[in-house]
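S.K.: Sharing a structure here in structure tokens format.
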Amino acid sequence: MAMSLTLRGAAALVRPDGNPYERDQALLAYQRDLLAPYGIEVDEDLMKQSRNIGFREMAEELMERCPSPFGTPDLLILAYGLPDRYPLKTVTTRLNALFGGRSRSFALSEQGLRAPFTALRVADAYARSGKAASLALFVCEQTTLPYRDPLVHDTPLLDSAVLLYFDTDNDTGARSGFRFRTARAAGVDVPLSDLLADQRPGLPPGLALLVAGPWPPDDQLGGVGLPVHRCQPGGYSTSVWLDLARHHDEWVDRYASLVLCDTDPRTGRSQLAVLTNTCAPELREARL
């Protein structure tokens with residue numbers, strides 16, 4: 001029987017504070033060599049004004065915050081849309097060691113805000129291959145860059161991160177939770193409204209909630225007949241995942257399914273993920 005990933009624990013982190021800037025000559029040399037071919041100069045003053053918080057610091061704090069204790073995950077995935085402050089650091093190796101060193105760990109990047117959606121598809125494929133799997137998914141976003149980026153500095157973005165822990169325990173006696181069902185990407189020039197309309201008929205019975213990131217225009221969300229939870233600005237790849245981590249416990253008592261969606265402001269391509277409530281619809285309705 002195919003196994004399905006079910007959300008069992010989550011933690012969200014936003015860091016409005018920061019760390020003092022510490023000059024790293026080797027890092028500056030690396031960044032200058034990396035940016036020079038593109039005619040971009042390293043702006044050290046910009047780095048001094050930034051928060052100087054890296055992926056490792058945020059991910060380790062999330063491990064301490066996660067309210068549901070769990071063991072070593074089979075899969076450990078770090079997903080991000082913007083580079084780390086220290087691009088040569090292998091954060092997943094460090095996190096794997098903290099979990100006991102027995103996870104299959106890797107990072108997904110170079111996909112913009114699509115990275116967390118892809119991570120769930122990868123983990124779902126692994127679970128559906130017949131392996132009982134657990135997943136620790138970290139989504140990290142930091143804003144200390146050696147150059148000015150309009151997405152980061154004009155939005156402005158926040159330093160934020162999410163930890164989502166899934167397992168494939170299909171025991172009917174387990175408490176209810178949201179189970180990953182599917183993730184889809186819109187083709188080039190396909191509006192989010194079309195992607196949502198195509199997915200709408202396949203949703204299971206019961207009330208569904210549309211969880212929309214800050215990037216899609218309002219007119220892309222109103223045509224599918226679902227209540228909308230709009231995420232606040234400040235997140236790029238972390239946007240809908242922050243609110244999933246914050247609200248999944250309350251949403252599981254109200255909704256039969258969640259539709260998470262966002263549109264990448266850099267590419268215009270939209271992403272969508274559907275999570276369904278493991279609680280039987282008749283039991284969920286009795287709770288309302």
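By convention here, the chains of the structure tokens are called A, B, ... in the order presented, each chain's residues are numbered starting at 1, and ligands are numbered starting at 1 in the order presented.
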Give me, as a ChimeraX atom specification, all polymer residues having an atom no more than 12 Å from A:Ala36, counting only C-alpha atoms and skipping those fewer than 6 positions away in the same chain.

M.R.: /A:28-30,42,146-147

S.K.: Output C-alpha atoms for every residue in the selection just made, as a compact mmCIF listing (two decimals), in the first residue's frame.

M.R.:
```
# COMPACT_ATOMS: atom_id res chain seq x y z
CA LEU A 28 34.35 38.68 0.81
CA ALA A 29 37.00 37.39 -1.61
CA TYR A 30 34.70 34.58 -2.71
CA VAL A 42 30.33 43.72 -3.23
CA PRO A 146 26.54 41.42 -0.71
CA TYR A 147 24.56 43.31 -3.37
```

S.K.: Using backbone DSSP assignments, extract all alpha helix (DSSP H) residues from stretch 17-186 of chain A; output them as a VMD selection string.

M.R.: chain A and resid 25 to 35 44 to 48 55 to 65 91 to 99 115 to 128 150 to 153

S.K.: Could you name the residues that touch A:Gly223 at 9 Å or less, counting only C-alpha atoms, but leaving out those on the same chain fewer than 2 positions away, as a list in words?

M.R.: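 The contact residues come out as Ser193, Leu196, Ala197, Asp219, Gln220, Leu221, Gly225 and Leu226 of chain A.
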
S.K.: Would you kindly return, as a ChimeraX atom specification, each protein, DNA or RNA residue with an atom no farther than 8 Å from any atom of A:Ile77, considering only C-alpha atoms and excluding same-chain residues fewer than 6 positions away?

M.R.: /A:92,105-108,119,135-138

S.K.: Need to verify the contact set: A:Val274, 12 Å, only C-alpha atoms, exclusion of same-chain residues closer than 3 positions in sequence. Can you return it as number ranges by chain?

M.R.: A: 5-6, 117, 120-121, 178-185, 196, 199-200, 202-204, 208-211, 244, 256-261, 271, 277

S.K.: Keeping only C-alpha atoms, write the selected residues to a file as a PDB file, in the first residue's frame.

M.R.:
```pdb
ATOM      1  CA  LEU A   5       3.099  11.980   4.230  1.00  0.00           C
ATOM      2  CA  THR A   6       1.103  13.458   7.125  1.00  0.00           C
ATOM      3  CA  PHE A 117       6.743  22.445  -3.296  1.00  0.00           C
ATOM      4  CA  LEU A 120       7.280  17.655  -0.916  1.00  0.00           C
ATOM      5  CA  ARG A 121       6.955  16.030  -4.334  1.00  0.00           C
ATOM      6  CA  PHE A 178      -3.039  17.177   7.063  1.00  0.00           C
ATOM      7  CA  ARG A 179      -1.777  14.663   4.528  1.00  0.00           C
ATOM      8  CA  PHE A 180       0.121  15.757   1.440  1.00  0.00           C
ATOM      9  CA  ARG A 181      -1.911  14.952  -1.650  1.00  0.00           C
ATOM     10  CA  THR A 182      -0.369  16.710  -4.641  1.00  0.00           C
ATOM     11  CA  ALA A 183       1.704  19.649  -5.826  1.00  0.00           C
ATOM     12  CA  ARG A 184       1.422  21.259  -9.213  1.00  0.00           C
ATOM     13  CA  ALA A 185       3.170  24.018 -11.127  1.00  0.00           C
ATOM     14  CA  LEU A 196      -6.849  26.679  -9.119  1.00  0.00           C
ATOM     15  CA  GLN A 199      -7.677  21.632  -9.228  1.00  0.00           C
ATOM     16  CA  ARG A 200     -10.998  22.634  -7.635  1.00  0.00           C
ATOM     17  CA  GLY A 202     -10.674  17.157  -7.459  1.00  0.00           C
ATOM     18  CA  LEU A 203     -10.824  18.374  -3.876  1.00  0.00           C
ATOM     19  CA  PRO A 204     -12.369  15.923  -1.379  1.00  0.00           C
ATOM     20  CA  ALA A 208     -11.501  23.690   1.859  1.00  0.00           C
ATOM     21  CA  LEU A 209      -9.319  26.712   2.677  1.00  0.00           C
ATOM     22  CA  LEU A 210      -7.254  28.551   0.092  1.00  0.00           C
ATOM     23  CA  VAL A 211      -3.979  29.660   1.703  1.00  0.00           C
ATOM     24  CA  LEU A 244       0.819  26.440   7.701  1.00  0.00           C
ATOM     25  CA  ALA A 256     -11.243  19.008   5.072  1.00  0.00           C
ATOM     26  CA  SER A 257      -8.409  20.249   2.873  1.00  0.00           C
ATOM     27  CA  LEU A 258      -5.951  23.078   2.363  1.00  0.00           C
ATOM     28  CA  VAL A 259      -4.865  24.522  -0.970  1.00  0.00           C
ATOM     29  CA  LEU A 260      -1.543  26.342  -0.593  1.00  0.00           C
ATOM     30  CA  CYS A 261      -0.552  28.565  -3.486  1.00  0.00           C
ATOM     31  CA  GLN A 271       2.678  26.798  -7.539  1.00  0.00           C
ATOM     32  CA  ASN A 277      -7.430  16.101   6.473  1.00  0.00           C
TER      33      ASN A 277
END
```

S.K.: Could you pull the residues within 7 Å of stretch 157-171 of chain A, counting only C-alpha atoms, minus those fewer than 3 positions along the same chain, as an NGL selection string?

M.R.: :A and (3-16 or 58 or 62 or 132-143 or 152-153 or 174 or 234-235 or 238 or 241-242 or 245)

S.K.: Please, could you write that set of residues out with N, CA and C atoms as a compact mmCIF listing (two decimals), in the first residue's frame?

M.R.:
```
# COMPACT_ATOMS: atom_id res chain seq x y z
N MET A 3 2.27 4.79 0.83
CA MET A 3 2.28 5.55 2.07
C MET A 3 2.10 7.03 1.74
N SER A 4 1.48 7.76 2.66
CA SER A 4 1.25 9.19 2.45
C SER A 4 1.88 9.99 3.59
N LEU A 5 2.46 11.11 3.24
CA LEU A 5 3.10 11.98 4.23
C LEU A 5 2.05 12.80 4.96
N THR A 6 2.06 12.73 6.30
CA THR A 6 1.10 13.46 7.12
C THR A 6 1.85 14.40 8.06
N LEU A 7 1.41 15.65 8.11
CA LEU A 7 2.04 16.66 8.94
C LEU A 7 1.78 16.37 10.41
N ARG A 8 2.85 16.22 11.20
CA ARG A 8 2.71 15.88 12.62
C ARG A 8 3.26 16.95 13.56
N GLY A 9 4.10 17.81 13.08
CA GLY A 9 4.66 18.86 13.93
C GLY A 9 5.24 19.96 13.07
N ALA A 10 5.27 21.18 13.59
CA ALA A 10 5.76 22.31 12.81
C ALA A 10 6.22 23.42 13.74
N ALA A 11 7.11 24.25 13.22
CA ALA A 11 7.56 25.43 13.94
C ALA A 11 7.86 26.53 12.93
N ALA A 12 7.56 27.76 13.30
CA ALA A 12 7.80 28.91 12.44
C ALA A 12 8.72 29.89 13.17
N LEU A 13 9.53 30.58 12.41
CA LEU A 13 10.49 31.52 12.99
C LEU A 13 10.60 32.75 12.10
N VAL A 14 10.44 33.92 12.71
CA VAL A 14 10.74 35.19 12.05
C VAL A 14 11.70 35.95 12.95
N ARG A 15 12.80 36.43 12.36
CA ARG A 15 13.83 37.11 13.15
C ARG A 15 13.92 38.59 12.75
N PRO A 16 13.19 39.47 13.44
CA PRO A 16 13.31 40.89 13.15
C PRO A 16 14.61 41.49 13.68
N MET A 58 19.08 29.67 12.04
CA MET A 58 17.62 29.60 12.06
C MET A 58 17.13 28.16 12.17
N LEU A 62 14.80 26.38 15.10
CA LEU A 62 13.55 25.69 14.81
C LEU A 62 13.50 24.32 15.45
N ALA A 132 8.32 3.21 4.32
CA ALA A 132 7.76 3.99 5.42
C ALA A 132 8.75 5.11 5.71
N ALA A 133 8.31 6.34 5.53
CA ALA A 133 9.25 7.44 5.57
C ALA A 133 8.78 8.53 6.52
N SER A 134 9.74 9.25 7.05
CA SER A 134 9.46 10.48 7.78
C SER A 134 10.33 11.57 7.16
N LEU A 135 9.85 12.80 7.25
CA LEU A 135 10.51 13.92 6.59
C LEU A 135 10.61 15.11 7.52
N ALA A 136 11.79 15.66 7.64
CA ALA A 136 11.99 16.96 8.27
C ALA A 136 12.32 17.94 7.15
N LEU A 137 11.37 18.84 6.86
CA LEU A 137 11.54 19.81 5.79
C LEU A 137 11.81 21.18 6.40
N PHE A 138 12.97 21.72 6.11
CA PHE A 138 13.34 23.06 6.54
C PHE A 138 13.22 23.99 5.33
N VAL A 139 12.54 25.11 5.52
CA VAL A 139 12.47 26.15 4.50
C VAL A 139 13.08 27.40 5.12
N CYS A 140 14.18 27.87 4.55
CA CYS A 140 14.92 28.98 5.17
C CYS A 140 15.08 30.14 4.19
N GLU A 141 15.05 31.35 4.75
CA GLU A 141 15.17 32.56 3.95
C GLU A 141 15.93 33.61 4.76
N GLN A 142 17.05 34.06 4.21
CA GLN A 142 17.82 35.09 4.90
C GLN A 142 18.06 36.24 3.93
N THR A 143 18.31 37.44 4.49
CA THR A 143 18.30 38.64 3.67
C THR A 143 19.63 39.39 3.64
N VAL A 152 14.51 41.46 -2.27
CA VAL A 152 14.86 41.38 -0.86
C VAL A 152 14.70 42.73 -0.17
N HIS A 153 15.24 43.78 -0.78
CA HIS A 153 15.35 45.05 -0.09
C HIS A 153 14.18 46.00 -0.31
N ALA A 174 -4.19 7.24 15.09
CA ALA A 174 -3.37 8.43 15.25
C ALA A 174 -4.24 9.68 15.16
N GLY A 234 6.36 39.74 3.31
CA GLY A 234 7.60 39.57 4.06
C GLY A 234 8.27 38.24 3.81
N GLY A 235 7.55 37.30 3.19
CA GLY A 235 8.13 36.01 2.88
C GLY A 235 8.15 35.77 1.38
N THR A 238 9.19 31.23 1.99
CA THR A 238 8.62 30.79 3.27
C THR A 238 7.16 31.18 3.46
N TRP A 241 4.20 28.59 3.94
CA TRP A 241 4.66 27.56 4.88
C TRP A 241 4.73 28.11 6.29
N LEU A 242 5.03 29.40 6.44
CA LEU A 242 4.99 30.02 7.76
C LEU A 242 3.59 29.92 8.35
N ALA A 245 2.60 26.35 9.36
CA ALA A 245 3.20 25.98 10.64
C ALA A 245 2.46 26.63 11.80
```

S.K.: For atom CA of A:Ala186 and atom CA of A:Ala115, determine how far apart the two atoms are, in Å to one decimal place.

M.R.: 14.2 Å

S.K.: From the options A:Ala79, A:Leu151, A:Val122, A:Leu195, which residue's atoms come nearest to A:Ser270, counting only C-alpha atoms?

M.R.: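 Among A:Ala79, A:Leu151, A:Val122, A:Leu195, it is A:Leu195 that comes nearest to A:Ser270.
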